[in-house]
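First up is the structure itself, then whatever we jot down about it.
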Amino acid sequence: KYNIVVKGIDMHEAGTLNPTYYDGIIVLSQRTEDRAFMEEVLEKKIPMVVICRKVDIDALNVTTDETKEMETAMDYLIENGHRNICVIEGAPNLDSTRLRHIGWQNAARKHGLDPDIIPTVSGTYRYASGYQGAKLLLEYHPTALLCFNDEMAFGAREAIVEEGLKVPDDVSLIGFDNIERVLGLPTPLCTVDGSLETMAQKAFERLDQRIRGDSSPCGTVMLPARVVCRGSCRRK
């Protein structure tokens, strides 16, 4: 049985990590600046698993292929007849944003679309930024909006409805993460299931093994993801 302590890496003061306080650490990392913290964990010989981001340090790693996942989401829209697509991305300083950006652009090129002319705005992964982003992008009269997470897709849906439009009759909508709330919308959200719950379970299992003395080599566990088709997307 373990006690759980949750802290932000940005709250950590370099050099103050006390290995007697922690049996192990799960690091949810999205920024390259987090590397210094992870190196301190390794230096203090505290068992560690890094999730949500592929890392090149000697640590256990559980993540997904976010580039491929977002490519699959864009594939899904294009293969369902959508060509006039707009994109609400996430915060530019996060690895997830950079990886997902590459993914949808790969899909666009694969289907003969120029990604440089696809209207795109940067959000913050928050509801309000999805709403504000959709307000701007609806001026392009898209048939589909691709959002970098479900939270922004919720905000985008509000903006769509405020404009007197319907999801999916006028605008198809797809998110990312498959959080529980997607099923509570009047039209359940089509989204990418990024295996977040499975990722957390697998990370804890690997960390528990390491705490109990497992010394097998570190490596990366890459979990699969899929598009979950629901009512917010329709064939064009």
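Order determines the names: the first chain of the structure tokens is A, the second B, and so forth; residues in each chain are numbered 1 upward, and ligands are numbered 1 upward as they are shown.
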Exercise. Apply DSSP to the structure's backbone, then extract all residues of segment 112-173 of chain A labelled strand (DSSP E or B) and return them as a PyMOL selection string.
Key: chain A and resi 120-122+144-147+172-173
Exercise. Find the residues around segment 113-115 of chain A up to 12 Å (only C-alpha atoms counted), leave out those fewer than 3 positions away in its own chain, and share them as a ChimeraX atom specification.
Key: /A:74-75,78,82-87,101-110,118-120
Let's have the selection written as a PDB file, in the first residue's frame, with N, CA and C atoms.
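Listing of out-v7.pdb after writing:
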```pdb
ATOM      1  N   MET A  74      -7.143  12.604 -38.485  1.00  0.00           N
ATOM      2  CA  MET A  74      -7.308  13.382 -39.709  1.00  0.00           C
ATOM      3  C   MET A  74      -7.671  12.470 -40.877  1.00  0.00           C
ATOM      4  N   ASP A  75      -7.065  11.297 -40.942  1.00  0.00           N
ATOM      5  CA  ASP A  75      -7.448  10.311 -41.954  1.00  0.00           C
ATOM      6  C   ASP A  75      -8.952  10.054 -41.910  1.00  0.00           C
ATOM      7  N   ILE A  78     -10.957  12.940 -43.439  1.00  0.00           N
ATOM      8  CA  ILE A  78     -10.782  13.046 -44.888  1.00  0.00           C
ATOM      9  C   ILE A  78     -11.437  11.863 -45.603  1.00  0.00           C
ATOM     10  N   HIS A  82     -14.511  14.828 -45.885  1.00  0.00           N
ATOM     11  CA  HIS A  82     -14.258  16.217 -45.479  1.00  0.00           C
ATOM     12  C   HIS A  82     -12.958  16.718 -46.108  1.00  0.00           C
ATOM     13  N   ARG A  83     -13.023  17.876 -46.746  1.00  0.00           N
ATOM     14  CA  ARG A  83     -11.844  18.526 -47.315  1.00  0.00           C
ATOM     15  C   ARG A  83     -11.642  19.916 -46.710  1.00  0.00           C
ATOM     16  N   ASN A  84     -12.734  20.522 -46.278  1.00  0.00           N
ATOM     17  CA  ASN A  84     -12.656  21.845 -45.654  1.00  0.00           C
ATOM     18  C   ASN A  84     -12.608  21.661 -44.139  1.00  0.00           C
ATOM     19  N   ILE A  85     -11.419  21.406 -43.646  1.00  0.00           N
ATOM     20  CA  ILE A  85     -11.206  21.073 -42.233  1.00  0.00           C
ATOM     21  C   ILE A  85     -10.403  22.183 -41.572  1.00  0.00           C
ATOM     22  N   CYS A  86     -10.768  22.522 -40.349  1.00  0.00           N
ATOM     23  CA  CYS A  86      -9.982  23.464 -39.542  1.00  0.00           C
ATOM     24  C   CYS A  86      -9.459  22.741 -38.298  1.00  0.00           C
ATOM     25  N   VAL A  87      -8.383  23.264 -37.744  1.00  0.00           N
ATOM     26  CA  VAL A  87      -7.701  22.573 -36.641  1.00  0.00           C
ATOM     27  C   VAL A  87      -7.504  23.511 -35.452  1.00  0.00           C
ATOM     28  N   HIS A 101       0.720  17.889 -34.161  1.00  0.00           N
ATOM     29  CA  HIS A 101       0.807  18.769 -35.326  1.00  0.00           C
ATOM     30  C   HIS A 101       1.410  18.014 -36.515  1.00  0.00           C
ATOM     31  N   ILE A 102       2.486  17.295 -36.267  1.00  0.00           N
ATOM     32  CA  ILE A 102       3.117  16.509 -37.330  1.00  0.00           C
ATOM     33  C   ILE A 102       2.140  15.468 -37.872  1.00  0.00           C
ATOM     34  N   GLY A 103       1.366  14.874 -36.974  1.00  0.00           N
ATOM     35  CA  GLY A 103       0.438  13.817 -37.369  1.00  0.00           C
ATOM     36  C   GLY A 103      -0.636  14.273 -38.336  1.00  0.00           C
ATOM     37  N   TRP A 104      -1.339  15.358 -37.995  1.00  0.00           N
ATOM     38  CA  TRP A 104      -2.422  15.769 -38.901  1.00  0.00           C
ATOM     39  C   TRP A 104      -1.865  16.315 -40.212  1.00  0.00           C
ATOM     40  N   GLN A 105      -0.679  16.927 -40.145  1.00  0.00           N
ATOM     41  CA  GLN A 105      -0.075  17.406 -41.388  1.00  0.00           C
ATOM     42  C   GLN A 105       0.337  16.241 -42.292  1.00  0.00           C
ATOM     43  N   ASN A 106       0.857  15.173 -41.697  1.00  0.00           N
ATOM     44  CA  ASN A 106       1.188  13.984 -42.480  1.00  0.00           C
ATOM     45  C   ASN A 106      -0.045  13.445 -43.200  1.00  0.00           C
ATOM     46  N   ALA A 107      -1.165  13.399 -42.475  1.00  0.00           N
ATOM     47  CA  ALA A 107      -2.401  12.877 -43.067  1.00  0.00           C
ATOM     48  C   ALA A 107      -2.879  13.771 -44.202  1.00  0.00           C
ATOM     49  N   ALA A 108      -2.811  15.087 -44.009  1.00  0.00           N
ATOM     50  CA  ALA A 108      -3.253  16.015 -45.045  1.00  0.00           C
ATOM     51  C   ALA A 108      -2.450  15.797 -46.335  1.00  0.00           C
ATOM     52  N   ARG A 109      -1.142  15.732 -46.204  1.00  0.00           N
ATOM     53  CA  ARG A 109      -0.290  15.533 -47.381  1.00  0.00           C
ATOM     54  C   ARG A 109      -0.591  14.202 -48.061  1.00  0.00           C
ATOM     55  N   LYS A 110      -0.808  13.178 -47.249  1.00  0.00           N
ATOM     56  CA  LYS A 110      -1.072  11.845 -47.778  1.00  0.00           C
ATOM     57  C   LYS A 110      -2.316  11.832 -48.668  1.00  0.00           C
ATOM     58  N   ILE A 118      -4.493  24.985 -44.466  1.00  0.00           N
ATOM     59  CA  ILE A 118      -5.581  24.565 -43.580  1.00  0.00           C
ATOM     60  C   ILE A 118      -5.635  25.531 -42.398  1.00  0.00           C
ATOM     61  N   PRO A 119      -6.774  26.220 -42.196  1.00  0.00           N
ATOM     62  CA  PRO A 119      -6.874  27.187 -41.094  1.00  0.00           C
ATOM     63  C   PRO A 119      -6.632  26.516 -39.733  1.00  0.00           C
ATOM     64  N   THR A 120      -5.738  27.109 -38.957  1.00  0.00           N
ATOM     65  CA  THR A 120      -5.321  26.520 -37.686  1.00  0.00           C
ATOM     66  C   THR A 120      -5.170  27.611 -36.635  1.00  0.00           C
TER      67      THR A 120
END
```
Quiz item: Taking the backbone alone, and naming residues the way the document does, which bits of segment 28-60 of chain A are helix (DSSP H, G or I) by DSSP, as a list in words?
Solution: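 Output for segment 28-60 of chain A, helix (DSSP H, G or I) only: Thr32, Glu33, Asp34, Arg35, Ala36, Phe37, Met38, Glu39, Glu40, Val41, Leu42 and Glu43 of chain A.
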Quiz item: Quick one, how far is atom CA of Glu163 of chain A from atom CA of Arg235 of chain A?
Solution: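 Calculated distance between atom CA of Glu163 of chain A and atom CA of Arg235 of chain A is 21.3 Å.
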Quiz prompt | Proximity to Ala73 of chain A - best of A:Gln132, A:Thr191, A:Thr32, A:Asn178, only C-alpha atoms | solution =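 The answer is A:Thr191, which sits nearest to Ala73 of chain A.
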Exercise. Within 9 Å of Ala203 of chain A, counting only C-alpha atoms, which residues show up once you throw out same-chain ones fewer than 3 positions away? Write them as a list of chain:residue names, please.
Key: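 Close residues of Ala203 of chain A: A:Ile26, A:Val49, A:Val50, A:Ile51, A:Leu60, A:Asn61, A:Val62, A:Thr198, A:Met199, A:Ala200, A:Arg206, A:Leu207, A:Asp208.
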Keeping only C-alpha atoms, take the residues you just selected and write them out as a JSON list (two decimals), in the first residue's frame.
```
[["chain", "number", "residue", "atom", "x", "y", "z"],
["A", 26, "ILE", "CA", 5.67, 8.61, -11.94],
["A", 49, "VAL", "CA", 8.41, 5.80, -14.82],
["A", 50, "VAL", "CA", 7.86, 8.59, -17.35],
["A", 51, "ILE", "CA", 4.47, 8.73, -19.08],
["A", 60, "LEU", "CA", 11.05, 3.24, -17.79],
["A", 61, "ASN", "CA", 8.74, 4.91, -20.28],
["A", 62, "VAL", "CA", 5.02, 4.33, -21.02],
["A", 198, "THR", "CA", -4.25, 1.95, -19.45],
["A", 199, "MET", "CA", -1.12, 4.11, -19.47],
["A", 200, "ALA", "CA", -1.55, 4.97, -15.79],
["A", 206, "ARG", "CA", 6.10, -1.17, -13.86],
["A", 207, "LEU", "CA", 6.97, 1.19, -11.01],
["A", 208, "ASP", "CA", 5.75, -1.29, -8.40]]
```
Quiz item: How many Å separate atom CA of Val167 of chain A from atom CA of Leu137 of chain A?
Solution: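 A separation of 15.1 Å between them.
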Quiz prompt | Interatomic distance, atom CA of Leu99 of chain A to atom CA of Leu146 of chain A (Å, one decimal) | solution =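 Straight-line distance from atom CA of Leu99 of chain A to atom CA of Leu146 of chain A works out to 14.7 Å.
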Self-check item: Selection: 10 Å around segment 3-12 of chain A, only C-alpha atoms, excl. self and same-chain fewer than 6 positions, as a list in words
Solution: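 Everything that qualifies: Tyr22, Asp23, Ile25, Ile26, Val27, Leu28, Ser29, Glu33, Asp34, Ala36, Phe37 and Met38 of chain A.
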Take the residues from that selection and write them out as a compact mmCIF listing (two decimals), in the first residue's frame, keeping N, CA and C atoms.
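The result, stored in result.txt:
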```txt
# COMPACT_ATOMS: atom_id res chain seq x y z
N TYR A 22 10.38 9.19 -0.98
CA TYR A 22 9.65 8.59 -2.10
C TYR A 22 10.15 7.18 -2.39
N ASP A 23 9.23 6.23 -2.48
CA ASP A 23 9.58 4.88 -2.93
C ASP A 23 9.74 4.85 -4.44
N ILE A 25 8.56 7.36 -8.32
CA ILE A 25 7.95 8.55 -8.90
C ILE A 25 7.45 8.25 -10.31
N ILE A 26 6.21 8.63 -10.58
CA ILE A 26 5.67 8.61 -11.94
C ILE A 26 5.69 10.05 -12.44
N VAL A 27 6.40 10.28 -13.53
CA VAL A 27 6.54 11.63 -14.08
C VAL A 27 5.65 11.76 -15.31
N LEU A 28 4.68 12.66 -15.23
CA LEU A 28 3.87 13.00 -16.40
C LEU A 28 4.53 14.22 -17.02
N SER A 29 5.24 13.98 -18.11
CA SER A 29 6.07 15.04 -18.68
C SER A 29 5.57 15.48 -20.05
N GLU A 33 11.99 20.93 -20.75
CA GLU A 33 12.60 21.46 -19.53
C GLU A 33 12.48 20.51 -18.34
N ASP A 34 11.60 19.50 -18.45
CA ASP A 34 11.41 18.55 -17.36
C ASP A 34 12.61 17.60 -17.21
N ALA A 36 15.70 18.06 -16.52
CA ALA A 36 16.55 18.30 -15.36
C ALA A 36 15.99 17.61 -14.12
N PHE A 37 14.67 17.66 -13.97
CA PHE A 37 14.04 16.98 -12.83
C PHE A 37 14.24 15.48 -12.94
N MET A 38 14.02 14.93 -14.13
CA MET A 38 14.16 13.48 -14.31
C MET A 38 15.59 13.03 -14.06
```
Self-check item: 6 Å contact set for Ser122 of chain A, only C-alpha atoms, chain neighbours under 4 positions out, as a ChimeraX atom specification
Solution: /A:88-90
Exercise. Select, from A:Leu145, A:Ile211, A:Arg230, A:Thr97, the residue with the minimum atom-to-atom distance to Gly123 of chain A, counting only C-alpha atoms.
Key: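 Closest to Gly123 of chain A, using only C-alpha atoms: A:Thr97.
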Quiz item: Of the candidates A:Asn18, A:Gly133, A:Pro47, A:Glu13, which shows the shortest atom-to-atom distance to Arg212 of chain A, using only C-alpha atoms?
Solution: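 So, comparing all the options, the nearest one is A:Pro47.
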Self-check item: Distance criterion (only C-alpha atoms): nearest to Val171 of chain A out of A:Leu77, A:Leu185, A:Val192, A:Val41
Solution: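 Selected residue with least distance to Val171 of chain A: A:Leu77.
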